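Enquirer: Sharing my_file.cif, mmCIF, C-alpha atoms:
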```
data_model
#
loop_
_atom_site.label_atom_id
_atom_site.label_comp_id
_atom_site.auth_asym_id
_atom_site.auth_seq_id
_atom_site.Cartn_x
_atom_site.Cartn_y
_atom_site.Cartn_z
CA MET A 1 129.98 119.80 136.73
CA ALA A 2 128.41 119.70 133.29
CA SER A 3 129.23 116.76 131.03
CA LEU A 4 131.14 117.30 127.78
CA GLY A 5 127.98 116.43 125.84
CA GLU A 6 126.01 119.15 127.59
CA LEU A 7 128.80 121.65 127.05
CA GLU A 8 128.98 120.78 123.36
CA ARG A 9 125.28 121.45 123.11
CA ALA A 10 125.59 124.74 124.99
CA VAL A 11 128.49 125.90 122.80
CA MET A 12 126.64 124.96 119.60
CA ASP A 13 123.56 126.84 120.83
CA ARG A 14 125.68 129.95 121.29
CA LEU A 15 127.38 129.59 117.91
CA TRP A 16 124.04 129.08 116.22
CA SER A 17 122.45 132.14 117.79
CA ALA A 18 125.51 134.35 117.25
CA ASP A 19 125.55 136.76 114.30
CA GLY A 20 129.07 135.95 113.19
CA PRO A 21 132.27 134.21 114.30
CA VAL A 22 132.77 134.00 118.05
CA ALA A 23 136.03 133.88 120.01
CA ALA A 24 136.57 131.27 122.73
CA THR A 25 136.77 133.93 125.44
CA GLU A 26 133.33 135.24 124.46
CA LEU A 27 131.98 131.72 124.60
CA ARG A 28 133.41 131.25 128.05
CA ALA A 29 131.85 134.51 129.18
CA GLY A 30 128.51 133.20 127.93
CA LEU A 31 129.01 130.00 129.90
CA ALA A 32 130.13 131.79 133.08
CA ASP A 33 127.17 130.47 135.05
CA ARG A 34 128.55 126.97 134.55
CA GLY A 35 132.00 127.85 135.88
CA VAL A 36 133.78 126.59 132.79
CA ALA A 37 137.53 127.15 132.33
CA LEU A 38 138.87 128.48 129.03
CA THR A 39 140.78 125.25 128.45
CA THR A 40 137.52 123.34 128.73
CA VAL A 41 135.93 125.61 126.14
CA HIS A 42 138.88 124.89 123.85
CA THR A 43 138.54 121.15 124.46
CA VAL A 44 134.87 121.31 123.56
CA LEU A 45 135.59 123.36 120.44
CA THR A 46 138.31 120.94 119.33
CA ARG A 47 135.93 118.02 119.74
CA LEU A 48 133.26 119.83 117.76
CA GLU A 49 135.80 120.61 115.02
CA GLN A 50 136.85 116.97 114.87
CA LYS A 51 133.23 115.98 114.41
CA GLY A 52 132.96 118.50 111.58
CA PHE A 53 130.38 120.77 113.19
CA VAL A 54 132.58 123.83 113.79
CA THR A 55 135.35 125.64 111.90
CA HIS A 56 137.65 128.48 112.89
CA ASP A 57 139.19 131.39 110.99
CA GLU A 58 142.84 132.49 110.99
CA ALA A 59 142.32 135.70 112.93
CA ARG A 60 144.07 136.22 116.26
CA PRO A 61 142.54 135.14 118.53
CA ARG A 62 140.78 132.45 116.56
CA ARG A 63 137.08 132.85 116.08
CA PHE A 64 134.68 129.96 115.64
CA THR A 65 131.61 129.40 113.47
CA ALA A 66 129.10 126.60 113.13
CA ARG A 67 129.49 124.86 109.77
CA ALA A 68 125.77 124.42 109.23
CA SER A 69 122.85 126.40 110.59
CA ARG A 70 120.68 124.82 113.25
CA GLU A 71 118.00 124.23 110.61
CA ASP A 72 120.41 122.48 108.24
CA HIS A 73 121.70 120.37 111.09
CA ALA A 74 118.17 119.29 112.02
CA ALA A 75 117.37 118.67 108.35
CA GLU A 76 120.40 116.42 107.88
CA LEU A 77 119.46 114.53 111.01
CA MET A 78 115.87 113.98 109.97
CA HIS A 79 116.98 113.00 106.49
CA GLU A 80 119.14 110.30 108.08
CA VAL A 81 116.42 109.14 110.42
CA LEU A 82 113.34 109.39 108.22
CA GLY A 83 114.89 108.57 104.88
CA GLN A 84 115.93 105.17 106.09
CA ALA A 85 116.48 102.60 103.42
CA ALA A 86 115.86 98.99 104.34
CA ASP A 87 119.52 98.28 104.97
CA ARG A 88 119.70 101.00 107.59
CA GLN A 89 117.36 99.35 110.06
CA ALA A 90 120.39 97.82 111.74
CA VAL A 91 121.78 101.31 112.32
CA LEU A 92 118.79 102.57 114.22
CA ALA A 93 115.51 100.90 115.03
CA ARG A 94 112.59 103.12 114.18
CA PHE A 95 109.31 102.52 116.01
CA VAL A 96 107.33 102.46 112.78
CA GLY A 97 107.94 103.78 109.29
CA GLY A 98 105.50 106.07 107.55
CA VAL A 99 102.92 104.58 105.19
CA ASP A 100 101.10 106.19 102.28
CA ASP A 101 97.67 107.79 102.63
CA ASP A 102 95.66 104.78 101.44
CA GLU A 103 97.44 102.48 103.83
CA ALA A 104 97.02 104.98 106.67
CA ARG A 105 93.25 105.08 106.05
CA LEU A 106 93.15 101.30 106.02
CA LEU A 107 94.99 101.15 109.34
CA ARG A 108 92.61 103.63 110.96
CA GLU A 109 89.62 101.63 109.71
CA LEU A 110 91.17 98.52 111.15
CA LEU A 111 91.53 100.21 114.52
CA ALA A 112 88.00 101.64 114.43
CA GLY A 113 86.46 98.36 113.30
CA ASP A 114 88.00 96.48 116.16
CA GLY A 115 86.48 98.82 118.72
CA ARG A 116 82.92 98.05 117.71
CA MET B 1 137.11 60.41 98.21
CA LEU B 2 134.17 62.22 99.71
CA PRO B 3 131.65 62.38 96.90
CA LEU B 4 128.50 61.53 98.85
CA THR B 5 129.23 64.04 101.60
CA ALA B 6 129.76 66.80 99.05
CA ALA B 7 126.57 65.85 97.23
CA ALA B 8 124.57 65.79 100.49
CA LEU B 9 125.91 69.21 101.46
CA ALA B 10 125.13 70.58 98.01
CA VAL B 11 121.54 69.31 98.24
CA LEU B 12 121.21 70.88 101.69
CA ALA B 13 122.64 74.15 100.39
CA ALA B 14 120.16 74.18 97.51
CA LEU B 15 117.26 73.51 99.87
CA LEU B 16 118.36 76.31 102.18
CA ALA B 17 118.94 78.73 99.32
CA TRP B 18 115.44 78.49 97.93
CA PRO B 19 112.58 76.30 99.18
CA VAL B 20 113.23 76.49 102.92
CA PRO B 21 113.35 80.32 103.17
CA ALA B 22 110.35 80.53 100.82
CA LEU B 23 108.34 78.20 103.06
CA LEU B 24 109.44 79.87 106.28
CA GLY B 25 108.75 83.31 104.80
CA ARG B 26 105.23 82.31 103.79
CA ALA B 27 104.37 80.33 106.94
CA ARG B 28 101.76 81.75 109.31
CA TRP B 29 103.21 80.45 112.58
CA PRO B 30 106.17 82.88 112.95
CA GLY B 31 103.69 85.61 113.96
CA ARG B 32 102.57 83.37 116.82
CA ASP B 33 106.06 83.12 118.25
CA PRO B 34 108.49 85.63 116.71
CA LEU B 35 111.37 84.65 118.95
CA VAL B 36 111.32 80.98 117.92
CA ALA B 37 110.99 82.06 114.30
CA LEU B 38 114.01 84.35 114.68
CA VAL B 39 116.05 81.42 115.99
CA CYS B 40 114.94 79.36 112.98
CA TRP B 41 115.98 82.11 110.54
CA GLN B 42 119.41 82.35 112.14
CA ALA B 43 119.78 78.59 111.83
CA VAL B 44 118.73 78.67 108.16
CA GLY B 45 121.26 81.41 107.41
CA LEU B 46 124.11 79.76 109.24
CA ALA B 47 123.40 76.25 107.97
CA GLY B 48 123.03 77.59 104.43
CA GLY B 49 126.43 79.26 104.54
CA LEU B 50 128.06 76.22 106.13
CA SER B 51 126.65 73.77 103.61
CA ILE B 52 127.45 75.70 100.44
CA ILE B 53 131.02 76.46 101.49
CA GLY B 54 131.34 72.96 102.94
CA ALA B 55 130.13 71.29 99.75
CA LEU B 56 132.71 73.14 97.66
CA LEU B 57 135.48 72.51 100.15
CA VAL B 58 134.72 68.82 100.60
CA HIS B 59 134.73 68.27 96.85
CA GLY B 60 137.89 70.28 96.35
CA LEU B 61 139.82 68.50 99.09
CA ALA B 62 138.52 65.02 98.25
CA PRO B 63 141.84 63.76 96.81
CA TRP B 64 143.65 64.46 100.08
CA GLY B 65 141.75 62.29 102.55
CA HIS B 66 138.66 60.52 103.76
CA SER B 67 137.25 63.18 106.05
CA LEU B 68 137.37 66.93 105.77
CA PRO B 69 139.55 67.49 108.87
CA GLU B 70 141.99 64.81 107.69
CA ALA B 71 142.06 66.09 104.10
CA TRP B 72 142.40 69.69 105.28
CA TRP B 73 145.31 68.84 107.56
CA SER B 74 147.13 66.90 104.92
CA TRP B 75 146.56 69.70 102.37
CA VAL B 76 147.83 72.33 104.85
CA ARG B 77 151.01 70.30 105.42
CA GLY B 78 151.51 70.18 101.69
CA GLU B 79 151.31 66.40 101.44
CA LEU B 80 150.76 64.76 98.12
CA ALA B 81 147.18 63.88 97.34
CA GLY B 82 146.26 60.20 97.55
CA ASP B 83 144.16 60.46 94.42
CA PRO B 84 144.81 62.41 91.22
CA VAL B 85 143.87 66.09 91.56
CA ARG B 86 141.76 67.32 88.67
CA GLY B 87 140.87 70.84 87.55
CA ASP B 88 137.42 70.75 89.14
CA HIS B 89 139.00 70.17 92.54
CA TRP B 90 140.98 73.39 92.22
CA VAL B 91 137.95 75.27 90.91
CA THR B 92 135.71 74.25 93.82
CA MET B 93 138.44 74.97 96.34
CA THR B 94 138.92 78.44 94.92
CA LEU B 95 135.17 79.03 94.89
CA ALA B 96 134.94 77.92 98.52
CA ALA B 97 137.68 80.35 99.52
CA VAL B 98 136.15 83.23 97.55
CA LEU B 99 132.69 82.63 98.97
CA ALA B 100 133.92 82.27 102.54
CA LEU B 101 135.98 85.43 102.24
CA GLU B 102 133.08 87.32 100.68
CA LEU B 103 130.57 86.32 103.36
CA VAL B 104 132.92 87.05 106.23
CA GLY B 105 134.27 90.18 104.58
CA VAL B 106 130.85 91.65 103.85
CA LEU B 107 129.75 90.86 107.39
CA ALA B 108 132.76 92.69 108.79
CA LEU B 109 132.23 95.57 106.40
CA SER B 110 128.54 95.88 107.35
CA TRP B 111 129.51 95.87 110.97
CA LEU B 112 132.01 98.69 110.44
CA ARG B 113 129.65 100.66 108.27
CA THR B 114 126.74 100.44 110.72
CA ALA B 115 129.03 101.31 113.62
CA ARG B 116 130.25 104.38 111.75
CA ALA B 117 126.71 105.45 110.79
CA ARG B 118 125.57 105.01 114.38
CA ARG B 119 128.42 107.14 115.69
CA ARG B 120 127.56 109.86 113.17
CA HIS B 121 123.87 109.75 114.11
CA ARG B 122 124.75 109.95 117.78
CA GLN B 123 127.03 112.94 117.21
CA LEU B 124 124.37 114.75 115.19
CA LEU B 125 121.74 113.96 117.79
CA GLU B 126 123.72 114.85 120.88
CA LEU B 127 123.87 118.48 119.78
CA VAL B 128 120.13 118.92 119.45
CA VAL B 129 118.31 116.55 121.80
CA ALA B 130 117.14 117.56 125.25
CA PRO B 131 116.60 115.16 128.14
CA GLY B 132 113.23 113.42 127.86
CA ALA B 133 110.58 112.55 130.40
CA GLU B 134 112.31 109.29 131.32
CA PRO B 135 115.97 109.07 132.34
CA ASP B 136 116.84 106.97 129.29
CA THR B 137 114.89 108.97 126.70
CA ARG B 138 115.83 112.07 124.72
CA LEU B 139 113.55 114.63 123.16
CA LEU B 140 114.14 115.82 119.61
CA GLU B 141 112.44 119.04 118.54
CA HIS B 142 110.70 118.09 115.27
CA PRO B 143 107.08 118.04 114.08
CA ALA B 144 107.24 114.57 112.51
CA PRO B 145 106.06 111.86 114.90
CA VAL B 146 109.13 109.65 115.10
CA ALA B 147 110.66 107.45 117.75
CA PHE B 148 113.80 105.41 117.35
CA CYS B 149 116.72 103.99 119.22
CA ILE B 150 120.38 103.74 118.30
CA PRO B 151 121.82 100.53 119.71
CA GLY B 152 125.40 100.17 120.86
CA ALA B 153 127.53 100.61 123.95
CA ARG B 154 125.84 103.95 124.66
CA PRO B 155 122.30 103.40 123.44
CA LEU B 156 120.11 106.37 122.67
CA LEU B 157 116.30 106.35 122.75
CA VAL B 158 114.82 109.36 121.00
CA LEU B 159 111.26 110.68 120.81
CA SER B 160 110.37 113.65 118.63
CA SER B 161 108.24 116.47 119.97
CA GLY B 162 105.78 115.61 117.20
CA MET B 163 105.46 112.12 118.64
CA VAL B 164 104.93 113.44 122.16
CA ALA B 165 102.24 115.81 120.88
CA GLU B 166 100.50 113.13 118.85
CA LEU B 167 100.20 110.43 121.52
CA ASP B 168 98.70 110.23 124.97
CA GLU B 169 100.69 109.11 127.97
CA ALA B 170 99.82 105.41 127.76
CA GLU B 171 100.65 105.31 124.04
CA LEU B 172 103.98 106.99 124.63
CA ALA B 173 104.80 104.47 127.35
CA ALA B 174 104.04 101.73 124.80
CA VAL B 175 106.40 103.29 122.25
CA VAL B 176 109.19 103.61 124.81
CA ALA B 177 108.66 100.02 125.99
CA HIS B 178 108.88 98.83 122.37
CA GLU B 179 112.15 100.66 121.73
CA ARG B 180 113.58 99.54 125.06
CA ALA B 181 112.87 95.95 124.06
CA HIS B 182 114.94 96.43 120.88
CA LEU B 183 117.84 97.67 122.96
CA ARG B 184 117.55 95.14 125.78
CA GLU B 185 117.37 92.14 123.45
CA HIS B 186 120.01 93.47 121.01
CA HIS B 187 117.76 93.06 117.99
CA HIS B 188 120.28 94.82 115.75
CA LEU B 189 122.52 91.76 116.11
CA TYR B 190 119.79 89.48 114.72
CA LEU B 191 119.49 91.77 111.72
CA LEU B 192 123.14 92.32 110.94
CA PRO B 193 123.96 88.97 109.24
CA PHE B 194 120.89 89.26 107.03
CA VAL B 195 121.75 92.83 106.03
CA ALA B 196 125.25 91.62 105.17
CA TRP B 197 124.18 88.54 103.26
CA GLU B 198 121.62 90.41 101.24
CA ALA B 199 124.44 92.75 100.23
CA ALA B 200 126.80 89.83 99.55
CA LEU B 201 124.31 87.74 97.54
CA PRO B 202 122.02 90.16 95.70
CA VAL B 203 121.20 87.49 93.12
CA LEU B 204 119.74 85.19 95.74
CA PRO B 205 116.07 86.09 96.29
CA ALA B 206 116.09 84.14 99.54
CA ALA B 207 118.58 86.60 101.06
CA GLY B 208 116.22 89.53 100.54
CA ARG B 209 113.23 87.53 101.69
CA ALA B 210 115.03 86.41 104.84
CA HIS B 211 116.05 89.98 105.64
CA ALA B 212 112.49 91.27 105.25
CA ALA B 213 111.10 88.44 107.39
CA VAL B 214 113.63 89.01 110.15
CA ARG B 215 112.92 92.74 110.20
CA GLU B 216 109.22 92.08 110.60
CA LEU B 217 109.77 89.44 113.29
CA VAL B 218 112.05 91.73 115.29
CA GLU B 219 109.30 94.37 115.36
CA MET B 220 106.73 91.80 116.43
CA ARG B 221 109.04 90.51 119.13
CA ALA B 222 109.54 94.07 120.43
CA ASP B 223 105.75 94.55 120.44
CA ASP B 224 105.35 91.36 122.50
CA ALA B 225 108.07 92.34 124.93
CA ALA B 226 106.52 95.81 125.31
CA LEU B 227 103.10 94.32 126.09
CA GLY B 228 104.61 92.42 128.98
CA GLU B 229 105.65 95.68 130.64
CA LEU B 230 102.57 97.77 130.02
CA GLY B 231 99.76 98.13 132.51
CA GLY B 232 96.42 99.64 131.67
CA ALA B 233 93.15 98.13 130.58
CA ASP B 234 94.07 97.11 127.05
CA PRO B 235 97.79 97.42 126.30
CA ARG B 236 97.37 95.73 122.90
CA ARG B 237 94.98 98.42 121.74
CA THR B 238 97.16 101.16 123.19
CA LEU B 239 100.20 99.94 121.26
CA ALA B 240 98.14 99.48 118.08
CA ARG B 241 96.83 103.05 118.41
CA ALA B 242 100.38 104.34 118.80
CA ILE B 243 101.52 102.46 115.66
CA VAL B 244 98.62 103.74 113.56
CA ALA B 245 99.05 107.32 114.77
CA ALA B 246 102.81 107.36 114.09
CA ALA B 247 102.61 105.58 110.73
CA GLY B 248 99.69 107.64 109.45
CA ARG B 249 101.35 111.04 109.83
CA PRO B 250 104.81 110.34 108.56
CA GLY B 251 106.27 113.82 108.48
CA GLY B 252 103.71 116.53 108.83
CA ALA B 253 104.06 119.25 106.22
CA GLU B 254 107.84 119.34 106.28
CA VAL B 255 108.59 115.87 105.03
CA PRO B 256 107.22 114.60 101.73
CA GLY B 257 105.34 111.38 102.35
CA SER B 258 106.68 109.55 99.34
CA ALA B 259 110.26 109.99 100.48
CA LEU B 260 109.72 107.89 103.52
CA ALA B 261 106.77 105.63 102.83
CA VAL B 262 107.58 102.04 103.68
CA THR B 263 105.61 99.06 102.49
CA GLY B 264 102.42 99.07 104.48
CA GLY B 265 102.11 95.30 104.68
CA ALA B 266 104.48 94.90 107.60
CA VAL B 267 102.81 97.70 109.57
CA ARG B 268 99.37 96.24 108.91
CA ALA B 269 100.54 92.79 110.00
CA ARG B 270 101.71 94.25 113.30
CA VAL B 271 98.42 96.07 113.92
CA VAL B 272 96.28 93.07 112.99
CA ARG B 273 98.34 90.88 115.24
CA LEU B 274 97.90 93.26 118.18
CA LEU B 275 94.16 93.68 117.73
CA ASP B 276 93.42 90.06 116.99
CA PRO B 277 96.22 88.06 118.64
CA PRO B 278 96.83 84.59 117.20
CA ALA B 279 97.05 81.72 119.69
CA PRO B 280 100.60 81.24 120.94
CA LEU B 281 102.45 78.16 119.75
CA SER B 282 101.93 75.05 121.84
CA VAL B 283 104.86 73.80 123.88
CA ALA B 284 105.20 70.83 121.54
CA ALA B 285 105.30 73.07 118.45
CA ARG B 286 107.83 75.40 120.08
CA THR B 287 110.06 72.51 121.08
CA GLY B 288 109.71 71.00 117.62
CA ALA B 289 110.71 74.23 115.90
CA LEU B 290 113.70 74.75 118.18
CA LEU B 291 114.79 71.14 117.76
CA GLY B 292 114.45 71.56 114.00
CA ALA B 293 116.67 74.63 114.12
CA GLY B 294 119.24 72.72 116.16
CA LEU B 295 119.21 69.77 113.79
CA LEU B 296 119.53 72.09 110.83
CA LEU B 297 122.80 73.34 112.27
CA LEU B 298 123.94 69.91 113.36
CA LEU B 299 123.45 68.28 109.96
CA PRO B 300 126.01 70.25 107.92
CA THR B 301 128.39 70.28 110.88
CA ALA B 302 128.23 66.50 111.15
CA LEU B 303 128.60 66.08 107.39
CA LEU B 304 131.70 68.25 107.49
CA LEU B 305 133.40 66.62 110.45
CA LEU B 306 132.55 62.94 110.18
CA PRO B 307 134.41 60.56 107.87
CA ALA B 308 133.04 60.41 104.37
CA LEU B 309 129.99 58.37 103.48
#
```
Reformat the file's structure so that it appears as C-alpha cells.

Expert:
Amino acid sequence: MASLGELERAVMDRLWSADGPVAATELRAGLADRGVALTTVHTVLTRLEQKGFVTHDEARPRRFTARASREDHAAELMHEVLGQAADRQAVLARFVGGVDDDEARLLRELLAGDGR
Amino acid sequence: MLPLTAAALAVLAALLAWPVPALLGRARWPGRDPLVALVCWQAVGLAGGLSIIGALLVHGLAPWGHSLPEAWWSWVRGELAGDPVRGDHWVTMTLAAVLALELVGVLALSWLRTARARRRHRQLLELVVAPGAEPDTRLLEHPAPVAFCIPGARPLLVLSSGMVAELDEAELAAVVAHERAHLREHHHLYLLPFVAWEAALPVLPAAGRAHAAVRELVEMRADDAALGELGGADPRRTLARAIVAAAGRPGGAEVPGSALAVTGGAVRARVVRLLDPPAPLSVAARTGALLGAGLLLLLPTALLLLPAL
C-alpha cells in the first residue's frame, strides 16, 4: 500500500509528463501497477488542488493539469531554500550558506594550510 | 511606593539592552562551549524582557501597594490607590502593557509564520524528493550543493544531488550528522525568540546582534554534536572539508552567487574552529557561566516579587 505522499508524487509526475489535461480515470490506468482505486486518485487530486499544485477544467469528466511545470516547481523550491534571508533560518536549517568567491578561496587556503 | 525596585529594574534593563549583549557577542569563550553560551543568551533575552516590562509596571503600580503582587492585586480589584496617582504612572503602565503585548504578539506571529512557511516548504518538497541513502534523508534533484532540514513534528532532512556528487561518503555522513543534531536538539526553538525580538525591536542593535550570535552558536553546537557521532581518522577535517566544499560552490551555473551569498565570517569561524579547536571551558568556568545565567534570571524575578526596597 503506497502512502498518500508517494501517490501525490506519482500523480504529479504523470501530470508533468502529460501533454495536456488528464482525466482521473487515465491517471488511475497509469497507476494500475499500484492497485489504486479511483476514489483514492480523486482524494490525491483533491489534496493536490488544496495545496495549489493542480487545477481542473469544467469538462465532463473533469480533467486535471499541474499549475506549474516541474521546472518552475523546482525553481520556486530552490528560491525558497537558497534565497534564505536571515530571518528564515528558523524555518529550515541549512548546512552552510554560500559565500562569495574571495571568501571561498580564503576557506580553501585555510583548509590546505592546515594540512601541511 | 516602589521607587528603588523600579530604578534597579530599569538599570538592569539598560545593561541587558546594550553592554551585556555587546560583551557577550564579542567574547571569545562562546566558541569553546556553544551550548553554555546559548543558555546565557536565552537568559539575557528573558531577563532583559522581564526587567524592562517589570520596571515600567512597578513604577506604574507604585501608588497601589508595597510589592508588585500586592499592588497588582489591589489594582485588579479596582481598589483606590494609597498614594496619589499621577500621569507618569498611567504612562508607564500603558507602556508596559504595549511592550508586553508586542513581545508576546510578535513571538506568536513568528511562530505562526514559520510554521506556515515550513508546511509550504514540506509540501513543495514532498512532490519532488526521492528517498535518500539513509532512512531519514531525502534526495532532491538539483545541481547546487545544498543540505538542510525542516524541523517540526515531521522533520525532513534533504540532500541535493549536487551535494551528493560534490562530497565523499565520510563528508556526507558529517553533513547528515550535523543536520540531525539540529533536529534532535530542536535548535529552531533557540532561534525563534531572537528572530521575533529582532522583528519586534528593530531599533535595538542588541536584538540583531543577539540573533546573529545565536545563529552562529547553533551551527557550532551542531558541528560539535556531529563530531561526537563520526568515526574515521579525522572527523574535524572531514566536516571542515564538507563545509568548504558546500559553501564554495553555492549554486553551480543555475544560481547567481550574489543572490545567496551570506557573510563569510560565520562560515570561516566554523572552519577555523574545526581545524584548530580551542580548549574546552574548564568545569569551573562552565559552572560559573551557568550560575551567572541563573542569577541573571533570578535577579529581575526577585525584584518583581519581593516587597519594595

Enquirer: Could you please select, counting only C-alpha atoms, the residues of chain B within 8 Å of chain A and state them as a PyMOL selection string?

Expert: chain B and resi 114-115+117-118+121+123-128+146-151+175+178-179+182+188-189+191-192+195+215+240-241+243-244+246-251+257-264+267-268+271-272+275

Enquirer: One number please: atom CA of B:Glu229 to atom CA of B:Ala144, in Å, one decimal.

Expert: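 Rounded to one decimal, the two atoms are 26.2 Å apart.
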
Enquirer: Separation of atom CA of B:Ala242 and atom CA of B:Ala279, in Å?

Expert: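 Atom CA of B:Ala279 lies at a distance of 22.9 Å from atom CA of B:Ala242.
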
Enquirer: Determine the residue set returned by the PyMOL selection byres ((chain B and resi 130-143) around 6) for the present structure, and present it as a list of chain:residue names.

Expert: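 Those residues are B:Val129, B:Ala144, B:Leu157, B:Val158, B:Leu159, B:Ser160, B:Ser161, B:Gly162.
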
Enquirer: Find the distance between atom CA of B:Leu230 and atom CA of B:Arg154 and write it in Å to one decimal.

Expert: 24.7 Å

Enquirer: Which residues fall under the PyMOL selection byres ((chain B and resi 296) around 10) in this file, as a ChimeraX atom specification?

Expert: /B:12,16,40,43-44,46-48,290-295,297-301

Enquirer: If the PyMOL selection byres ((chain B and resi 102-110) around 7) were run on this exact file, what residues would it hold? Put them as a ChimeraX atom specification.

Expert: /B:98-101,111-114,193,196-197,200

Enquirer: Given the choices A:Ala18, A:Glu26, A:Ser3, A:Ala68, which gets closest to A:Val44 if the distance is worked out from only C-alpha atoms?

Expert: A:Ser3

Enquirer: Pick out the closest residue to B:Trp64 from this set: B:Pro235, B:Gly265, B:Gly82, B:Gly288. Count all atoms listed in the file.

Expert: B:Gly82

Enquirer: Got a sec: who's within 12 Å of A:Thr46, counting only C-alpha atoms, leaving out chain neighbours fewer than 3 positions off, as a tab-separated table (two decimals) with C-alpha atoms, keeping the file's coordinate frame?

Expert:
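The new file selection30.tsv reads:
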```
chain	number	residue	atom	x	y	z
A	4	LEU	CA	131.14	117.30	127.78
A	8	GLU	CA	128.98	120.78	123.36
A	11	VAL	CA	128.49	125.90	122.80
A	24	ALA	CA	136.57	131.27	122.73
A	39	THR	CA	140.78	125.25	128.45
A	40	THR	CA	137.52	123.34	128.73
A	41	VAL	CA	135.93	125.61	126.14
A	42	HIS	CA	138.88	124.89	123.85
A	43	THR	CA	138.54	121.15	124.46
A	49	GLU	CA	135.80	120.61	115.02
A	50	GLN	CA	136.85	116.97	114.87
A	51	LYS	CA	133.23	115.98	114.41
A	52	GLY	CA	132.96	118.50	111.58
A	53	PHE	CA	130.38	120.77	113.19
A	54	VAL	CA	132.58	123.83	113.79
A	55	THR	CA	135.35	125.64	111.90
A	56	HIS	CA	137.65	128.48	112.89
A	64	PHE	CA	134.68	129.96	115.64
```
